[in-house]
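Down below is the structure, laid out as structure tokens.
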Amino acid sequence: MLVPLDVAKLIVGALDEKSARDIKVLKTEDLTVLANYFVICTATSTTHIKTLSDEVEKVLEENGEVVRRKEGYRSGGWVLLDYGCVIVHLFLGEIREFYNLERLWGDAEEVAF
């Protein structure tokens, strides 16, 4: 089993490999019991969101991590992948701007890889 930071790194690598935009990692472990990290990124289309989601799931499954919950995959504008210790938010640009999770979790430390 991987530690949360390693899970986040794998996710970022998978997203970067498939050209996700504006990838942010927020360390939330001291702020909420929801997850240790939130990974947030922007996709260029609903097809791109599905590609990103599929790639993250593939890479993590290859490393022994299975998604616990997946939301929004069929609707396409915002997909959430819950890995327990890391929650991934895949957004279309306008939806990301509307929800502005970076502001909502403004007390979270941004982690750079």
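Residues in the structure tokens are numbered from 1 in each chain, the chains being A, B, ... in the order shown, and ligands are numbered from 1 in the order shown.
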> How would you write, as a count of residues only, the set of residues in chain A that DSSP gives as strand (DSSP E)?
Replying inline: 32
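Residues in contact with Leu60 (chain A) at up to 9 Å, not including ones fewer than 4 positions away on its chain and judged by only C-alpha atoms, are Val7, Leu10, Ile11, Ala14, Glu55, Val56, Gly64, Glu65, Val66 and Val67 of chain A.
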Only all heavy atoms, please: the residues just picked out, written as an mmCIF file, in the first residue's frame.
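part.cif, written as the output of this step:
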data_model
loop_
_atom_site.group_PDB
_atom_site.id
_atom_site.type_symbol
_atom_site.label_atom_id
_atom_site.label_comp_id
_atom_site.auth_asym_id
_atom_site.auth_seq_id
_atom_site.Cartn_x
_atom_site.Cartn_y
_atom_site.Cartn_z
ATOM 1 N N VAL A 7 0.706 8.366 -3.720
ATOM 2 C CA VAL A 7 -0.526 8.287 -4.507
ATOM 3 C C VAL A 7 -0.722 9.585 -5.279
ATOM 4 O O VAL A 7 -0.997 9.580 -6.484
ATOM 5 C CB VAL A 7 -1.751 7.981 -3.610
ATOM 6 C CG1 VAL A 7 -3.049 8.061 -4.411
ATOM 7 C CG2 VAL A 7 -1.601 6.620 -2.944
ATOM 8 N N LEU A 10 1.705 9.794 -8.226
ATOM 9 C CA LEU A 10 1.269 8.955 -9.342
ATOM 10 C C LEU A 10 0.131 9.613 -10.120
ATOM 11 O O LEU A 10 0.101 9.578 -11.354
ATOM 12 C CB LEU A 10 0.829 7.578 -8.846
ATOM 13 C CG LEU A 10 1.923 6.611 -8.452
ATOM 14 C CD1 LEU A 10 1.315 5.377 -7.781
ATOM 15 C CD2 LEU A 10 2.741 6.193 -9.661
ATOM 16 N N ILE A 11 -0.786 10.210 -9.396
ATOM 17 C CA ILE A 11 -1.924 10.892 -10.029
ATOM 18 C C ILE A 11 -1.431 12.055 -10.879
ATOM 19 O O ILE A 11 -1.828 12.202 -12.041
ATOM 20 C CB ILE A 11 -2.941 11.356 -8.973
ATOM 21 C CG1 ILE A 11 -3.621 10.129 -8.342
ATOM 22 C CG2 ILE A 11 -3.965 12.312 -9.576
ATOM 23 C CD1 ILE A 11 -4.398 10.411 -7.084
ATOM 24 N N ALA A 14 0.165 10.797 -14.051
ATOM 25 C CA ALA A 14 -0.824 10.316 -15.015
ATOM 26 C C ALA A 14 -1.538 11.479 -15.692
ATOM 27 O O ALA A 14 -1.746 11.473 -16.911
ATOM 28 C CB ALA A 14 -1.834 9.402 -14.319
ATOM 29 N N GLU A 55 -6.976 7.239 -17.321
ATOM 30 C CA GLU A 55 -5.527 7.098 -17.143
ATOM 31 C C GLU A 55 -5.156 7.041 -15.663
ATOM 32 O O GLU A 55 -4.325 6.229 -15.255
ATOM 33 C CB GLU A 55 -4.795 8.255 -17.835
ATOM 34 C CG GLU A 55 -3.293 8.161 -17.761
ATOM 35 C CD GLU A 55 -2.696 7.018 -18.579
ATOM 36 O OE1 GLU A 55 -3.405 6.367 -19.373
ATOM 37 O OE2 GLU A 55 -1.477 6.773 -18.416
ATOM 38 N N VAL A 56 -5.765 7.893 -14.851
ATOM 39 C CA VAL A 56 -5.490 7.869 -13.407
ATOM 40 C C VAL A 56 -5.872 6.507 -12.843
ATOM 41 O O VAL A 56 -5.089 5.887 -12.115
ATOM 42 C CB VAL A 56 -6.236 9.005 -12.673
ATOM 43 C CG1 VAL A 56 -6.195 8.799 -11.162
ATOM 44 C CG2 VAL A 56 -5.640 10.356 -13.039
ATOM 45 N N GLY A 64 -1.621 -0.956 -7.320
ATOM 46 C CA GLY A 64 -2.348 -1.539 -6.195
ATOM 47 C C GLY A 64 -3.376 -0.651 -5.532
ATOM 48 O O GLY A 64 -3.887 -1.001 -4.471
ATOM 49 N N GLU A 65 -3.705 0.465 -6.130
ATOM 50 C CA GLU A 65 -4.697 1.379 -5.556
ATOM 51 C C GLU A 65 -5.951 1.371 -6.426
ATOM 52 O O GLU A 65 -5.894 1.631 -7.626
ATOM 53 C CB GLU A 65 -4.143 2.804 -5.475
ATOM 54 C CG GLU A 65 -2.945 2.963 -4.562
ATOM 55 C CD GLU A 65 -3.277 2.793 -3.096
ATOM 56 O OE1 GLU A 65 -4.409 3.135 -2.673
ATOM 57 O OE2 GLU A 65 -2.406 2.316 -2.350
ATOM 58 N N VAL A 66 -7.087 1.087 -5.807
ATOM 59 C CA VAL A 66 -8.351 1.022 -6.532
ATOM 60 C C VAL A 66 -9.221 2.199 -6.100
ATOM 61 O O VAL A 66 -9.296 2.515 -4.912
ATOM 62 C CB VAL A 66 -9.068 -0.316 -6.250
ATOM 63 C CG1 VAL A 66 -10.401 -0.392 -6.969
ATOM 64 C CG2 VAL A 66 -8.175 -1.481 -6.651
ATOM 65 N N VAL A 67 -9.875 2.827 -7.078
ATOM 66 C CA VAL A 67 -10.749 3.953 -6.762
ATOM 67 C C VAL A 67 -11.892 3.466 -5.866
ATOM 68 O O VAL A 67 -12.486 2.417 -6.105
ATOM 69 C CB VAL A 67 -11.273 4.639 -8.054
ATOM 70 C CG1 VAL A 67 -12.211 3.753 -8.836
ATOM 71 C CG2 VAL A 67 -11.913 5.969 -7.735
#
> Of the candidates A:Asp16, A:Leu101, A:Asp54, A:Thr46, which one gets nearest to Ser75 (chain A) if we count only C-alpha atoms?
Replying inline: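 Closest candidate: A:Thr46.
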>> Considering only helix (DSSP H, G or I) as DSSP defines it on the backbone, what residues of chain A qualify? List them as a VMD selection string.
In response: chain A and resid 4 to 17 46 to 62 93 to 99 101 to 104
> What's the 12 Å shell around Arg68 (chain A), counting only C-alpha atoms, without same-chain residues fewer than 5 positions away, as a list in words?
Replying inline: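 The filter keeps Glu57, Leu60, Glu61, Leu80, Leu81, Asp82, Tyr83, Gly84, Cys85, Val86, Ile87 and Val88 of chain A.
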Would you write out those residues with all heavy atoms, as a short mmCIF file (atom, residue, chain, number, x, y, z; two decimals), in the first residue's frame?
data_model
loop_
_atom_site.label_atom_id
_atom_site.label_comp_id
_atom_site.auth_asym_id
_atom_site.auth_seq_id
_atom_site.Cartn_x
_atom_site.Cartn_y
_atom_site.Cartn_z
N GLU A 57 -7.05 6.03 -13.19
CA GLU A 57 -7.48 4.71 -12.68
C GLU A 57 -6.52 3.61 -13.12
O GLU A 57 -6.17 2.74 -12.31
CB GLU A 57 -8.90 4.39 -13.16
CG GLU A 57 -9.95 5.16 -12.40
CD GLU A 57 -11.34 4.65 -12.72
OE1 GLU A 57 -11.71 3.59 -12.16
OE2 GLU A 57 -12.04 5.30 -13.52
N LEU A 60 -3.09 3.93 -11.20
CA LEU A 60 -3.20 3.58 -9.79
C LEU A 60 -3.50 2.10 -9.60
O LEU A 60 -2.95 1.48 -8.68
CB LEU A 60 -4.20 4.48 -9.08
CG LEU A 60 -3.49 5.68 -8.45
CD1 LEU A 60 -2.92 6.63 -9.44
CD2 LEU A 60 -4.31 6.34 -7.42
N GLU A 61 -4.33 1.52 -10.45
CA GLU A 61 -4.59 0.08 -10.35
C GLU A 61 -3.31 -0.71 -10.56
O GLU A 61 -3.08 -1.72 -9.87
CB GLU A 61 -5.65 -0.34 -11.36
CG GLU A 61 -7.05 -0.01 -10.92
CD GLU A 61 -8.12 -0.42 -11.93
OE1 GLU A 61 -7.83 -1.24 -12.83
OE2 GLU A 61 -9.24 0.10 -11.81
N LEU A 80 -15.02 13.30 -10.07
CA LEU A 80 -14.33 13.16 -8.79
C LEU A 80 -13.93 11.69 -8.64
O LEU A 80 -14.76 10.80 -8.83
CB LEU A 80 -15.28 13.56 -7.65
CG LEU A 80 -14.70 13.45 -6.25
CD1 LEU A 80 -15.19 14.60 -5.40
CD2 LEU A 80 -15.06 12.12 -5.60
N LEU A 81 -12.65 11.47 -8.34
CA LEU A 81 -12.13 10.13 -8.06
C LEU A 81 -11.65 10.13 -6.62
O LEU A 81 -10.77 10.92 -6.25
CB LEU A 81 -10.97 9.79 -8.99
CG LEU A 81 -11.26 9.84 -10.49
CD1 LEU A 81 -9.97 9.67 -11.28
CD2 LEU A 81 -12.27 8.77 -10.87
N ASP A 82 -12.21 9.26 -5.81
CA ASP A 82 -11.87 9.20 -4.39
C ASP A 82 -11.00 7.97 -4.13
O ASP A 82 -11.45 6.84 -4.29
CB ASP A 82 -13.16 9.12 -3.57
CG ASP A 82 -12.92 9.10 -2.08
OD1 ASP A 82 -11.75 9.04 -1.63
OD2 ASP A 82 -13.91 9.14 -1.33
N TYR A 83 -9.76 8.23 -3.73
CA TYR A 83 -8.82 7.16 -3.38
C TYR A 83 -8.61 7.09 -1.87
O TYR A 83 -7.63 6.52 -1.40
CB TYR A 83 -7.49 7.35 -4.11
CG TYR A 83 -7.60 6.95 -5.56
CD1 TYR A 83 -7.89 7.90 -6.53
CD2 TYR A 83 -7.48 5.62 -5.94
CE1 TYR A 83 -8.03 7.52 -7.86
CE2 TYR A 83 -7.62 5.24 -7.27
CZ TYR A 83 -7.90 6.19 -8.21
OH TYR A 83 -8.06 5.82 -9.53
N GLY A 84 -9.53 7.66 -1.11
CA GLY A 84 -9.41 7.64 0.35
C GLY A 84 -8.46 8.71 0.84
O GLY A 84 -8.89 9.72 1.38
N CYS A 85 -7.19 8.53 0.60
CA CYS A 85 -6.19 9.50 1.06
C CYS A 85 -6.01 10.67 0.08
O CYS A 85 -5.50 11.72 0.46
CB CYS A 85 -4.85 8.81 1.30
SG CYS A 85 -4.16 8.02 -0.17
N VAL A 86 -6.45 10.48 -1.16
CA VAL A 86 -6.34 11.52 -2.18
C VAL A 86 -7.66 11.58 -2.95
O VAL A 86 -8.18 10.54 -3.37
CB VAL A 86 -5.19 11.25 -3.17
CG1 VAL A 86 -5.11 12.36 -4.22
CG2 VAL A 86 -3.86 11.12 -2.44
N ILE A 87 -8.17 12.79 -3.13
CA ILE A 87 -9.35 13.01 -3.95
C ILE A 87 -8.93 13.81 -5.17
O ILE A 87 -8.28 14.84 -5.06
CB ILE A 87 -10.47 13.73 -3.17
CG1 ILE A 87 -10.93 12.85 -1.99
CG2 ILE A 87 -11.64 14.06 -4.09
CD1 ILE A 87 -11.97 13.48 -1.11
N VAL A 88 -9.33 13.31 -6.33
CA VAL A 88 -8.98 13.94 -7.60
C VAL A 88 -10.22 14.63 -8.16
O VAL A 88 -11.30 14.04 -8.22
CB VAL A 88 -8.50 12.89 -8.63
CG1 VAL A 88 -8.04 13.55 -9.90
CG2 VAL A 88 -7.41 12.01 -8.04
#
> Using only C-alpha atoms, which of the listed residues (A:Glu102, A:Glu71, A:Glu109, A:Asp22) sits closest to Asn36 (chain A)?
Replying inline: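 Nearest to Asn36 (chain A): A:Glu109.
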> So what do you get for CA of Val25 (chain A) versus CA of Glu110 (chain A), distance-wise?
Replying inline: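 Taking CA of Val25 (chain A) as the start and CA of Glu110 (chain A) as the end point, the length is 5.7 Å.
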>> Give me, as a count of residues only, all polymer residues having an atom no more than 7 Å from Ala20 (chain A), counting only C-alpha atoms and skipping those fewer than 2 positions away in the same chain.
In response: 8
> Pick from A:Leu92, A:Leu34, A:Leu52, A:Leu2: nearest to Ser19 (chain A), with only C-alpha atoms counted?
Replying inline: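 Using only C-alpha atoms, the shortest distance to Ser19 (chain A) belongs to A:Leu52.
Among the candidate residues A:Ile95, A:Asn63, A:Val12, A:Met1, the one lying nearest to Trp78 (chain A) is A:Ile95, with distances computed using only C-alpha atoms.
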>> Please determine, counting only C-alpha atoms, which residue among A:Arg21, A:Thr32, A:Gly13, A:Phe91 has the shortest atom-to-atom distance to Ala108 (chain A).
In response: A:Thr32
> Using only C-alpha atoms, which of A:Gly76, A:Glu94, A:Arg103, A:Ala8 sits nearest Tyr37 (chain A)?
Replying inline: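 For Tyr37 (chain A), the nearest of the given residues is A:Ala8.
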> Expressed in Å to a single decimal, how great is the separation between CA of His89 (chain A) and CA of Gly77 (chain A)?
Replying inline: 10.4 Å
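Counting from CA of Val79 (chain A), the distance to CA of Ser53 (chain A) is 7.5 Å.
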